[in-house]
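Text of the file run27.csv, holding CSV, C-alpha atoms (C1' of nucleotides):
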```csv
chain,number,residue,atom,x,y,z
G,1,MET,CA,-0.9,-1.3,-20.1
G,2,LYS,CA,-1.7,-4.8,-19.4
G,3,ARG,CA,-3.9,-5.7,-16.5
G,4,ASP,CA,-2.6,-7.6,-13.6
G,5,SER,CA,-4.9,-10.6,-12.9
G,6,LYS,CA,-3.0,-12.1,-10.1
G,7,LEU,CA,-5.8,-11.4,-7.6
G,8,SER,CA,-8.4,-12.9,-9.8
G,9,GLY,CA,-6.3,-15.9,-10.6
G,10,VAL,CA,-5.5,-16.6,-6.9
G,11,LEU,CA,-9.1,-16.3,-5.9
G,12,HIS,CA,-10.1,-18.7,-8.6
G,13,VAL,CA,-7.6,-21.2,-7.4
G,14,LEU,CA,-8.5,-20.9,-3.7
G,15,LEU,CA,-12.2,-21.4,-4.4
G,16,HIS,CA,-11.3,-24.5,-6.4
G,17,MET,CA,-9.1,-25.8,-3.5
G,18,ALA,CA,-12.0,-25.3,-1.2
G,19,GLU,CA,-14.1,-27.7,-3.3
G,20,ILE,CA,-11.4,-30.4,-3.5
G,21,ASP,CA,-10.5,-31.0,0.2
G,22,ALA,CA,-7.2,-32.7,-0.5
G,23,PRO,CA,-3.8,-31.4,-1.5
G,24,VAL,CA,-3.7,-30.0,-5.0
G,25,THR,CA,-0.5,-29.9,-6.9
G,26,SER,CA,0.9,-26.7,-8.6
G,27,GLU,CA,0.6,-28.6,-11.8
G,28,THR,CA,-3.2,-29.0,-11.4
G,29,LEU,CA,-3.6,-25.4,-10.2
G,30,ALA,CA,-1.6,-24.2,-13.2
G,31,ARG,CA,-4.0,-25.9,-15.5
G,32,MET,CA,-6.9,-24.3,-13.8
G,33,MET,CA,-5.3,-20.8,-14.1
G,34,GLN,CA,-4.1,-21.6,-17.6
G,35,THR,CA,-0.5,-20.9,-16.6
G,36,ASN,CA,2.7,-22.5,-15.4
G,37,PRO,CA,3.3,-24.4,-12.2
G,38,VAL,CA,6.3,-22.2,-11.4
G,39,VAL,CA,4.1,-19.1,-11.6
G,40,VAL,CA,1.6,-20.7,-9.3
G,41,ARG,CA,4.2,-21.5,-6.7
G,42,ARG,CA,5.5,-17.9,-6.9
G,43,VAL,CA,2.2,-16.3,-6.2
G,44,MET,CA,1.1,-19.0,-3.6
G,45,ALA,CA,4.3,-18.4,-1.7
G,46,GLY,CA,2.8,-15.1,-0.5
G,47,LEU,CA,-0.3,-16.8,0.8
G,48,ARG,CA,1.8,-19.4,2.6
G,49,ALA,CA,3.8,-16.7,4.2
G,50,GLN,CA,0.6,-15.4,5.7
G,51,GLY,CA,-0.5,-18.9,6.8
G,52,TYR,CA,-3.5,-18.9,4.5
G,53,VAL,CA,-2.3,-22.1,2.7
G,54,ARG,CA,0.1,-24.9,3.3
G,55,SER,CA,2.4,-26.7,0.9
G,56,ASP,CA,3.7,-30.2,1.2
G,57,LYS,CA,6.4,-31.9,-0.7
G,58,GLY,CA,6.6,-35.4,-2.0
G,59,HIS,CA,4.0,-38.0,-2.8
G,60,GLY,CA,0.5,-36.9,-2.0
G,61,GLY,CA,1.8,-33.3,-1.5
G,62,GLY,CA,0.6,-30.1,-2.9
G,63,TRP,CA,-1.4,-27.1,-1.7
G,64,THR,CA,-4.0,-27.1,1.1
G,65,LEU,CA,-6.1,-24.3,2.6
G,66,ALA,CA,-5.1,-23.6,6.1
G,67,ARG,CA,-7.9,-21.2,7.0
G,68,ASP,CA,-11.6,-21.1,6.9
G,69,LEU,CA,-12.8,-19.1,3.9
G,70,GLU,CA,-15.1,-17.2,6.2
G,71,SER,CA,-12.0,-15.7,7.8
G,72,LEU,CA,-10.4,-14.5,4.6
G,73,THR,CA,-11.3,-11.3,2.7
G,74,LEU,CA,-10.2,-10.1,-0.7
G,75,LEU,CA,-8.2,-7.5,1.1
G,76,ASP,CA,-6.2,-10.3,2.9
G,77,ILE,CA,-5.5,-11.9,-0.4
G,78,HIS,CA,-4.6,-8.7,-2.1
G,79,ARG,CA,-2.0,-8.0,0.6
G,80,ALA,CA,-0.7,-11.5,0.6
G,81,ILE,CA,0.2,-11.3,-3.1
G,82,GLY,CA,2.2,-8.2,-2.4
G,83,ALA,CA,-0.5,-5.5,-2.6
G,84,PRO,CA,0.3,-4.6,-6.2
G,85,PRO,CA,-0.7,-1.1,-7.3
G,86,LEU,CA,-4.4,-0.8,-8.0
G,87,PHE,CA,-4.3,2.1,-10.4
G,88,ALA,CA,-3.0,2.2,-13.9
G,89,ILE,CA,-2.5,5.9,-13.8
G,90,GLY,CA,-0.1,8.1,-11.8
G,91,HIS,CA,2.3,10.8,-12.1
G,92,ARG,CA,5.8,10.9,-13.4
G,93,ASN,CA,8.4,12.4,-11.1
G,94,GLU,CA,8.1,12.0,-7.4
G,95,ALA,CA,10.2,15.1,-6.6
G,96,PRO,CA,8.9,17.9,-8.8
G,97,GLY,CA,10.9,21.1,-8.8
G,98,CYS,CA,8.2,22.5,-10.9
G,99,ALA,CA,5.2,24.1,-9.1
G,100,VAL,CA,2.8,23.1,-11.8
G,101,GLU,CA,3.8,19.6,-11.4
G,102,ALA,CA,3.3,19.8,-7.7
G,103,ALA,CA,-0.2,21.2,-8.1
G,104,VAL,CA,-1.1,18.5,-10.6
G,105,ASN,CA,0.3,15.7,-8.4
G,106,GLU,CA,-1.5,16.9,-5.4
G,107,ALA,CA,-4.8,17.0,-7.1
G,108,LEU,CA,-4.4,13.6,-8.7
G,109,ASP,CA,-2.9,11.9,-5.7
G,110,SER,CA,-5.5,13.0,-3.3
G,111,ARG,CA,-8.3,11.6,-5.5
G,112,LEU,CA,-6.5,8.5,-6.2
G,113,HIS,CA,-5.8,7.8,-2.6
G,114,GLN,CA,-9.4,8.4,-1.7
G,115,ALA,CA,-10.6,6.0,-4.4
G,116,GLU,CA,-8.0,3.5,-3.3
G,117,ALA,CA,-9.1,3.6,0.3
G,118,LEU,CA,-12.7,3.0,-0.7
G,119,LEU,CA,-11.8,0.1,-2.9
G,120,LEU,CA,-9.6,-1.6,-0.3
G,121,SER,CA,-12.2,-1.2,2.4
G,122,SER,CA,-14.8,-2.8,0.1
G,123,PHE,CA,-12.3,-5.6,-0.5
G,124,GLY,CA,-12.1,-6.0,3.2
G,125,GLU,CA,-15.9,-6.7,3.4
G,126,ILE,CA,-15.9,-9.5,0.9
G,127,THR,CA,-15.0,-12.9,2.4
G,128,LEU,CA,-13.9,-15.8,0.3
G,129,ALA,CA,-16.8,-17.7,1.8
G,130,SER,CA,-19.3,-15.3,0.3
G,131,LEU,CA,-17.7,-15.8,-3.1
G,132,SER,CA,-17.9,-19.6,-2.6
G,133,ARG,CA,-21.6,-19.3,-1.8
G,134,ASN,CA,-22.1,-17.2,-4.9
G,135,PHE,CA,-20.4,-19.9,-6.8
G,136,HIS,CA,-22.6,-22.6,-5.4
G,137,ARG,CA,-25.7,-20.6,-6.2
G,138,ARG,CA,-24.5,-20.4,-9.8
G,139,LEU,CA,-23.9,-24.1,-10.0
G,140,ALA,CA,-27.4,-24.8,-8.7
G,141,GLU,CA,-28.9,-22.4,-11.2
G,142,ARG,CA,-27.0,-23.9,-14.0
G,143,ARG,CA,-28.1,-27.4,-12.9
G,144,ALA,CA,-31.7,-26.3,-12.7
G,145,ALA,CA,-31.5,-24.8,-16.2
G,146,THR,CA,-30.0,-28.0,-17.6
G,147,THR,CA,-32.6,-30.2,-15.9
G,148,SER,CA,-35.6,-28.3,-17.2
G,149,GLY,CA,-34.0,-28.3,-20.7
G,150,ASP,CA,-33.8,-32.2,-20.4
G,151,HIS,CA,-37.6,-32.3,-19.7
G,152,HIS,CA,-37.0,-33.6,-16.2
G,153,GLY,CA,-38.6,-30.6,-14.6
G,154,HIS,CA,-41.8,-30.8,-12.6
R,155,MET,CA,3.0,-2.9,-14.4
R,156,LYS,CA,4.1,0.5,-15.5
R,157,ARG,CA,1.9,3.5,-14.6
R,158,ASP,CA,0.4,5.6,-17.4
R,159,SER,CA,1.3,9.2,-16.7
R,160,LYS,CA,-0.4,10.7,-19.8
R,161,LEU,CA,-3.0,12.5,-17.8
R,162,SER,CA,-0.5,14.1,-15.4
R,163,GLY,CA,1.7,15.0,-18.3
R,164,VAL,CA,-1.0,16.6,-20.3
R,165,LEU,CA,-2.3,18.6,-17.3
R,166,HIS,CA,1.3,19.8,-16.7
R,167,VAL,CA,1.5,21.0,-20.3
R,168,LEU,CA,-1.9,22.7,-20.3
R,169,LEU,CA,-1.2,24.7,-17.1
R,170,HIS,CA,2.1,25.9,-18.6
R,171,MET,CA,0.3,26.9,-21.8
R,172,ALA,CA,-2.1,28.9,-19.7
R,173,GLU,CA,0.8,30.9,-18.3
R,174,ILE,CA,2.5,31.6,-21.6
R,175,ASP,CA,-0.4,33.1,-23.7
R,176,ALA,CA,1.2,32.6,-27.1
R,177,PRO,CA,1.5,29.5,-29.3
R,178,VAL,CA,3.9,26.9,-27.8
R,179,THR,CA,5.7,24.5,-30.1
R,180,SER,CA,5.7,20.7,-29.6
R,181,GLU,CA,9.4,21.0,-29.2
R,182,THR,CA,9.0,23.3,-26.1
R,183,LEU,CA,6.2,21.2,-24.6
R,184,ALA,CA,8.3,18.1,-25.1
R,185,ARG,CA,11.1,19.6,-23.0
R,186,MET,CA,8.6,20.5,-20.3
R,187,MET,CA,7.3,16.9,-20.2
R,188,GLN,CA,10.7,15.4,-20.7
R,189,THR,CA,9.7,13.6,-23.8
R,190,ASN,CA,9.6,13.8,-27.5
R,191,PRO,CA,7.8,16.3,-29.8
R,192,VAL,CA,6.1,13.5,-31.7
R,193,VAL,CA,4.7,12.0,-28.5
R,194,VAL,CA,3.4,15.5,-27.6
R,195,ARG,CA,1.6,15.8,-30.9
R,196,ARG,CA,0.1,12.4,-30.5
R,197,VAL,CA,-1.5,13.1,-27.2
R,198,MET,CA,-2.4,16.7,-28.0
R,199,ALA,CA,-4.3,15.4,-31.0
R,200,GLY,CA,-7.0,14.1,-28.7
R,201,LEU,CA,-7.4,17.4,-27.1
R,202,ARG,CA,-7.6,19.2,-30.4
R,203,ALA,CA,-10.3,16.8,-31.6
R,204,GLN,CA,-12.3,17.9,-28.6
R,205,GLY,CA,-11.7,21.6,-29.4
R,206,TYR,CA,-9.8,22.1,-26.2
R,207,VAL,CA,-6.6,23.3,-27.9
R,208,ARG,CA,-5.6,24.5,-31.4
R,209,SER,CA,-2.5,23.8,-33.4
R,210,ASP,CA,-1.1,26.1,-36.1
R,211,LYS,CA,1.6,25.3,-38.6
R,212,GLY,CA,4.5,27.4,-39.8
R,213,HIS,CA,6.3,30.4,-38.3
R,214,GLY,CA,4.9,31.5,-35.0
R,215,GLY,CA,2.8,28.3,-34.9
R,216,GLY,CA,2.4,25.8,-32.1
R,217,TRP,CA,-0.3,24.9,-29.6
R,218,THR,CA,-2.8,27.3,-28.1
R,219,LEU,CA,-5.5,26.8,-25.5
R,220,ALA,CA,-8.9,27.2,-27.1
R,221,ARG,CA,-11.0,27.0,-23.9
R,222,ASP,CA,-11.2,28.7,-20.6
R,223,LEU,CA,-9.5,26.6,-17.9
R,224,GLU,CA,-12.7,27.1,-15.9
R,225,SER,CA,-14.6,25.1,-18.4
R,226,LEU,CA,-12.3,22.1,-18.4
R,227,THR,CA,-12.3,19.4,-15.8
R,228,LEU,CA,-9.9,16.5,-15.3
R,229,LEU,CA,-12.6,14.2,-16.6
R,230,ASP,CA,-12.7,16.1,-19.9
R,231,ILE,CA,-9.0,15.7,-20.3
R,232,HIS,CA,-9.1,12.1,-19.3
R,233,ARG,CA,-11.7,11.4,-22.0
R,234,ALA,CA,-9.8,13.5,-24.5
R,235,ILE,CA,-6.7,11.4,-24.2
R,236,GLY,CA,-8.8,8.3,-24.9
R,237,ALA,CA,-10.1,7.4,-21.4
R,238,PRO,CA,-7.3,4.8,-20.7
R,239,PRO,CA,-8.1,2.2,-18.1
R,240,LEU,CA,-7.9,3.5,-14.6
R,241,PHE,CA,-7.2,0.2,-12.9
R,242,ALA,CA,-4.1,-1.9,-12.9
R,243,ILE,CA,-6.0,-5.0,-11.9
R,244,GLY,CA,-8.7,-6.9,-13.6
R,245,HIS,CA,-9.6,-10.5,-14.5
R,246,ARG,CA,-8.4,-12.8,-17.1
R,247,ASN,CA,-11.0,-14.2,-19.4
R,248,GLU,CA,-14.1,-12.3,-20.3
R,249,ALA,CA,-16.2,-15.3,-21.1
R,250,PRO,CA,-15.7,-17.7,-18.3
R,251,GLY,CA,-17.1,-21.2,-18.7
R,252,CYS,CA,-16.2,-21.8,-15.1
R,253,ALA,CA,-18.7,-20.9,-12.4
R,254,VAL,CA,-15.9,-20.1,-10.0
R,255,GLU,CA,-14.5,-17.6,-12.5
R,256,ALA,CA,-17.9,-16.1,-12.9
R,257,ALA,CA,-18.4,-15.6,-9.2
R,258,VAL,CA,-14.9,-14.0,-8.8
R,259,ASN,CA,-15.3,-11.7,-11.8
R,260,GLU,CA,-18.7,-10.5,-10.6
R,261,ALA,CA,-17.4,-9.6,-7.2
R,262,LEU,CA,-14.3,-7.9,-8.4
R,263,ASP,CA,-16.0,-6.1,-11.3
R,264,SER,CA,-18.8,-4.7,-9.2
R,265,ARG,CA,-16.3,-3.1,-6.8
R,266,LEU,CA,-14.0,-1.9,-9.5
R,267,HIS,CA,-16.9,-0.2,-11.3
R,268,GLN,CA,-18.1,1.4,-8.2
R,269,ALA,CA,-14.6,2.8,-7.4
R,270,GLU,CA,-14.2,3.9,-11.0
R,271,ALA,CA,-17.5,5.8,-11.0
R,272,LEU,CA,-16.4,7.6,-7.8
R,273,LEU,CA,-13.1,8.5,-9.2
R,274,LEU,CA,-14.4,9.7,-12.5
R,275,SER,CA,-17.0,11.8,-10.8
R,276,SER,CA,-14.4,13.4,-8.6
R,277,PHE,CA,-12.4,14.1,-11.7
R,278,GLY,CA,-15.4,15.8,-13.1
R,279,GLU,CA,-15.4,18.3,-10.1
R,280,ILE,CA,-11.8,19.5,-10.6
R,281,THR,CA,-11.4,22.3,-13.1
R,282,LEU,CA,-8.1,23.1,-14.6
R,283,ALA,CA,-8.7,26.6,-13.3
R,284,SER,CA,-8.6,25.3,-9.8
R,285,LEU,CA,-5.3,23.5,-10.5
R,286,SER,CA,-4.0,26.7,-11.9
R,287,ARG,CA,-5.0,28.7,-8.8
R,288,ASN,CA,-3.3,26.0,-6.6
R,289,PHE,CA,-0.2,26.5,-8.7
R,290,HIS,CA,-0.2,30.3,-8.3
R,291,ARG,CA,-0.7,29.9,-4.5
R,292,ARG,CA,2.4,27.7,-4.5
R,293,LEU,CA,4.4,30.2,-6.4
R,294,ALA,CA,3.4,32.9,-4.0
R,295,GLU,CA,4.4,30.8,-1.0
R,296,ARG,CA,7.7,29.9,-2.6
R,297,ARG,CA,8.4,33.5,-3.4
R,298,ALA,CA,7.5,34.5,0.2
R,299,ALA,CA,9.9,31.9,1.6
R,300,THR,CA,12.7,33.1,-0.6
R,301,THR,CA,12.2,36.7,0.2
R,302,SER,CA,12.2,36.2,3.9
R,303,GLY,CA,15.4,34.1,3.5
R,304,ASP,CA,16.9,37.1,1.6
R,305,HIS,CA,16.2,39.3,4.6
R,306,HIS,CA,13.8,41.5,2.6
R,307,GLY,CA,10.8,40.5,4.8
R,308,HIS,CA,9.0,43.1,7.0
C,309,DT,C1',16.7,-45.4,-3.8
C,310,DC,C1',13.4,-43.7,-6.8
C,311,DT,C1',9.6,-40.9,-7.7
C,312,DT,C1',6.9,-37.0,-6.6
C,313,DT,C1',6.4,-32.4,-5.4
C,314,DC,C1',7.7,-28.0,-3.9
C,315,DG,C1',11.6,-23.9,-3.9
C,316,DT,C1',14.0,-20.9,-6.4
C,317,DA,C1',17.4,-18.8,-9.3
C,318,DA,C1',18.4,-17.7,-13.9
C,319,DC,C1',17.0,-17.1,-18.3
C,320,DA,C1',13.7,-16.3,-22.4
C,321,DT,C1',9.6,-14.5,-24.3
C,322,DT,C1',6.0,-11.4,-24.9
C,323,DT,C1',3.6,-7.3,-25.0
C,324,DG,C1',2.4,-2.7,-24.9
C,325,DA,C1',4.0,1.9,-24.1
C,326,DA,C1',7.2,5.2,-25.4
C,327,DG,C1',10.5,7.0,-28.3
C,328,DT,C1',12.5,7.8,-32.9
C,329,DT,C1',13.0,8.5,-37.8
C,330,DA,C1',11.2,10.0,-42.0
C,331,DC,C1',8.7,12.4,-44.9
C,332,DA,C1',4.5,15.0,-46.3
C,333,DT,C1',1.6,19.2,-45.6
C,334,DG,C1',0.7,23.9,-44.7
C,335,DA,C1',1.8,28.7,-43.3
C,336,DA,C1',4.6,32.7,-42.7
C,337,DA,C1',8.9,35.2,-43.7
C,338,DC,C1',11.9,36.9,-46.9
Z,339,DG,C1',8.2,31.7,-55.1
Z,340,DT,C1',11.3,29.5,-52.2
Z,341,DT,C1',13.0,28.9,-47.9
Z,342,DT,C1',12.2,28.0,-43.1
Z,343,DC,C1',9.4,26.6,-39.4
Z,344,DA,C1',5.9,24.0,-37.6
Z,345,DT,C1',2.5,20.3,-37.3
Z,346,DG,C1',0.5,15.3,-39.1
Z,347,DT,C1',1.3,10.8,-39.2
Z,348,DA,C1',3.0,6.3,-40.6
Z,349,DA,C1',6.4,3.1,-39.7
Z,350,DC,C1',9.9,1.4,-37.1
Z,351,DT,C1',12.9,0.7,-32.9
Z,352,DT,C1',13.7,0.5,-28.1
Z,353,DC,C1',12.6,-0.5,-23.5
Z,354,DA,C1',10.6,-2.2,-19.3
Z,355,DA,C1',7.7,-5.1,-16.9
Z,356,DA,C1',5.1,-9.1,-16.6
Z,357,DT,C1',4.9,-13.6,-17.6
Z,358,DG,C1',6.5,-18.0,-18.9
Z,359,DT,C1',10.3,-21.6,-19.0
Z,360,DT,C1',14.2,-24.3,-17.9
Z,361,DA,C1',17.0,-26.3,-14.7
Z,362,DC,C1',18.4,-28.0,-10.7
Z,363,DG,C1',18.2,-28.6,-5.5
Z,364,DA,C1',15.6,-30.2,-1.3
Z,365,DA,C1',12.4,-32.8,1.1
Z,366,DA,C1',9.1,-36.5,1.8
Z,367,DG,C1',6.8,-40.7,0.9
Z,368,DA,C1',6.5,-45.2,-1.8
```
What does the file become when written as structure tokens?
Amino acid sequence: MKRDSKLSGVLHVLLHMAEIDAPVTSETLARMMQTNPVVVRRVMAGLRAQGYVRSDKGHGGGWTLARDLESLTLLDIHRAIGAPPLFAIGHRNEAPGCAVEAAVNEALDSRLHQAEALLLSSFGEITLASLSRNFHRRLAERRAATTSGDHHGH
Amino acid sequence: MKRDSKLSGVLHVLLHMAEIDAPVTSETLARMMQTNPVVVRRVMAGLRAQGYVRSDKGHGGGWTLARDLESLTLLDIHRAIGAPPLFAIGHRNEAPGCAVEAAVNEALDSRLHQAEALLLSSFGEITLASLSRNFHRRLAERRAATTSGDHHGH
DNA sequence: TCTTTCGTAACATTTGAAGTTACATGAAAC
DNA sequence: GTTTCATGTAACTTCAAATGTTACGAAAGA
């Protein structure tokens, strides 16, 4: 079972867009995500439908953030890309005539739903802005490490 | 992304075996799980390796429970079938040179791990015996409903 | 009008799970 | 002992879903 990395890919792209502050083409984003422009458009379409990003055609066109990162959470993004199933496990038949099946499904489903609720609510608490801050902190650390390695430290 | 239903399938099978109290062939189990005998053997092999079930060849052979259902939890079963990934989402590259990627991965992974821990621990609290009790309760209810429908109620 | 860029349908590729076949091994029945 | 029933397992095939690709249309600016 292959893992869906749409969410992670989109987040990656959005954070990069926040750094650039000018329309970015699908072509460029595709290179960042190591994928294809068409795939980018496909997934970004969901974000546009929610008004999180804008797309413009023609010269100088491309994708632009339409919202403050502070106002966007992982949950928003997850929903915008179609709220794909979070879990890799589940049960087989939805309408079990078998009482054993029903008992198993009930037990599994209740725990799965509980875990899902927790996960989604934690997604709701993470803003893209906080991810961006985390990113900048890393950049700074990385720069500091490099500088000291170059014997330019104090 | 297709959902893995091994866990649910195996639970189904184990509960049925508990009812039968005689060796059950892969053939029979396969019919219960609506699959193929070889697939059954494949997944049951993991349970046998843990000593949860026994298999015997030849006439009158088949699969037998080797443990009290009270001593088995969903977590045990999950591990016995190879502890397949619980989540359908994840990130792309494990070794990100990109600081954005690192920030995104950290945020996602930490929440995912947290949710996973919760889910696994809840699996650890559900015994197969409790599932079996749930199953018998359902049977009784179903029987009661049928009886009253047949005008045999008091 | 020509180039750029998105929009999207249709098709191709890939990948991993699941299913299948085939044959070997071992145990009980006869 | 040999026949039948059952598991063990490797190898192969099939299938489904995700992803990638091609192709062409629409809109916007140069």
Item to check | Proximity to chain G - best of R:Ala242, R:Val193, R:Ala261, R:Val164, only C-alpha atoms | outcome: R:Ala242
Next on the checklist: Using all atoms listed in the file and a distance of at most 6 Å, pull out the residues of chain G that contact chain Z, as a list in words.
Outcome noted: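 Residues satisfying the distance criterion: Lys57, Gly58 and His59 of chain G.
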Could you tell me which residues of chain C sit within 7 Å of chain R when counting all atoms listed in the file, and give me the result as an mmCIF file with C-alpha atoms (C1' of nucleotides), in the frame of the given file?
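Below you can see iface_23.cif, which holds the result:
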```cif
data_model
loop_
_atom_site.group_PDB
_atom_site.id
_atom_site.type_symbol
_atom_site.label_atom_id
_atom_site.label_comp_id
_atom_site.auth_asym_id
_atom_site.auth_seq_id
_atom_site.Cartn_x
_atom_site.Cartn_y
_atom_site.Cartn_z
ATOM 1 C "C1'" DG C 327 10.500 7.000 -28.300
ATOM 2 C "C1'" DG C 334 0.700 23.900 -44.700
ATOM 3 C "C1'" DA C 335 1.800 28.700 -43.300
ATOM 4 C "C1'" DA C 336 4.600 32.700 -42.700
#
```
Considering all atoms listed in the file, give me a table of residues in chain G that are at most 7 Å from chain R, with the closest atom pair and distance in Å for each, as a tab-separated table.
```
residue	atom	partner	partner_atom	distance
G:Arg3	CA	R:Ile243	CA	5.1
G:Asp4	CA	R:Ile243	CA	4.6
G:Ser5	CA	R:His245	CA	5.0
G:Ser8	CA	R:His245	CA	5.4
G:Leu11	CA	R:Val258	CA	6.9
G:His12	CA	R:Glu255	CA	6.0
G:Leu15	CA	R:Val254	CA	6.8
G:Pro85	CA	R:Ala242	CA	6.6
G:Leu86	CA	R:Ala242	CA	5.0
G:Phe87	CA	R:Phe241	CA	4.3
G:Ala88	CA	R:Ala242	CA	4.4
G:Ile89	CA	R:Asp158	CA	4.6
G:Gly90	CA	R:Ser159	CA	5.2
G:His91	CA	R:Ser159	CA	5.0
G:Arg92	CA	R:Ser159	CA	5.8
G:Ala99	CA	R:Phe289	CA	5.9
G:Val100	CA	R:Phe289	CA	5.5
G:Glu101	CA	R:His166	CA	5.9
G:Ala103	CA	R:Phe289	CA	5.3
G:Val104	CA	R:Leu285	CA	6.5
G:Arg111	CA	R:Leu273	CA	6.8
G:Ala115	CA	R:Ala269	CA	5.9
G:Leu118	CA	R:Ala269	CA	7.0
G:Leu119	CA	R:Ala269	CA	5.9
G:Leu131	CA	R:Ala257	CA	6.1
G:Asn134	CA	R:Ala257	CA	5.9
G:Phe135	CA	R:Ala257	CA	5.3
G:Arg138	CA	R:Ala253	CA	6.4
G:Leu139	CA	R:Ala253	CA	6.6
```
Checklist entry - How many Å separate CA of Asp230 in chain R from CA of Thr281 in chain R? => result 9.3 Å
Got a minute to add N, CA, C and O atoms to range 177-190 of chain R and dump it as a compact mmCIF listing (two decimals), keeping the file's coordinate frame?
```
# COMPACT_ATOMS: atom_id res chain seq x y z
N PRO R 177 1.37 30.88 -28.82
CA PRO R 177 1.50 29.50 -29.30
C PRO R 177 2.82 28.88 -28.75
O PRO R 177 3.86 29.54 -28.76
N VAL R 178 2.74 27.65 -28.30
CA VAL R 178 3.90 26.90 -27.80
C VAL R 178 4.17 25.75 -28.73
O VAL R 178 3.24 25.01 -29.05
N THR R 179 5.40 25.57 -29.12
CA THR R 179 5.70 24.50 -30.10
C THR R 179 5.76 23.12 -29.34
O THR R 179 6.01 23.05 -28.13
N SER R 180 5.57 22.08 -30.09
CA SER R 180 5.70 20.70 -29.60
C SER R 180 7.04 20.50 -28.97
O SER R 180 7.21 19.79 -27.98
N GLU R 181 8.01 21.09 -29.61
CA GLU R 181 9.40 21.00 -29.20
C GLU R 181 9.51 21.52 -27.72
O GLU R 181 10.06 20.84 -26.86
N THR R 182 8.97 22.70 -27.48
CA THR R 182 9.00 23.30 -26.10
C THR R 182 8.26 22.44 -25.13
O THR R 182 8.74 22.16 -24.04
N LEU R 183 7.06 22.04 -25.53
CA LEU R 183 6.20 21.20 -24.60
C LEU R 183 6.95 19.92 -24.29
O LEU R 183 6.92 19.45 -23.15
N ALA R 184 7.61 19.36 -25.31
CA ALA R 184 8.30 18.10 -25.10
C ALA R 184 9.39 18.26 -24.03
O ALA R 184 9.57 17.39 -23.19
N ARG R 185 10.06 19.39 -24.06
CA ARG R 185 11.10 19.60 -23.00
C ARG R 185 10.46 19.68 -21.67
O ARG R 185 10.97 19.14 -20.70
N MET R 186 9.33 20.35 -21.58
CA MET R 186 8.60 20.50 -20.30
C MET R 186 8.23 19.09 -19.75
O MET R 186 8.32 18.82 -18.57
N MET R 187 7.75 18.24 -20.66
CA MET R 187 7.30 16.90 -20.20
C MET R 187 8.41 15.91 -20.26
O MET R 187 8.19 14.73 -20.02
N GLN R 188 9.60 16.33 -20.58
CA GLN R 188 10.70 15.40 -20.70
C GLN R 188 10.44 14.30 -21.64
O GLN R 188 10.60 13.13 -21.29
N THR R 189 9.98 14.64 -22.80
CA THR R 189 9.70 13.60 -23.80
C THR R 189 9.96 14.12 -25.17
O THR R 189 10.72 15.07 -25.33
N ASN R 190 9.34 13.52 -26.13
CA ASN R 190 9.60 13.80 -27.50
C ASN R 190 8.48 14.55 -28.20
O ASN R 190 7.32 14.31 -27.90
```
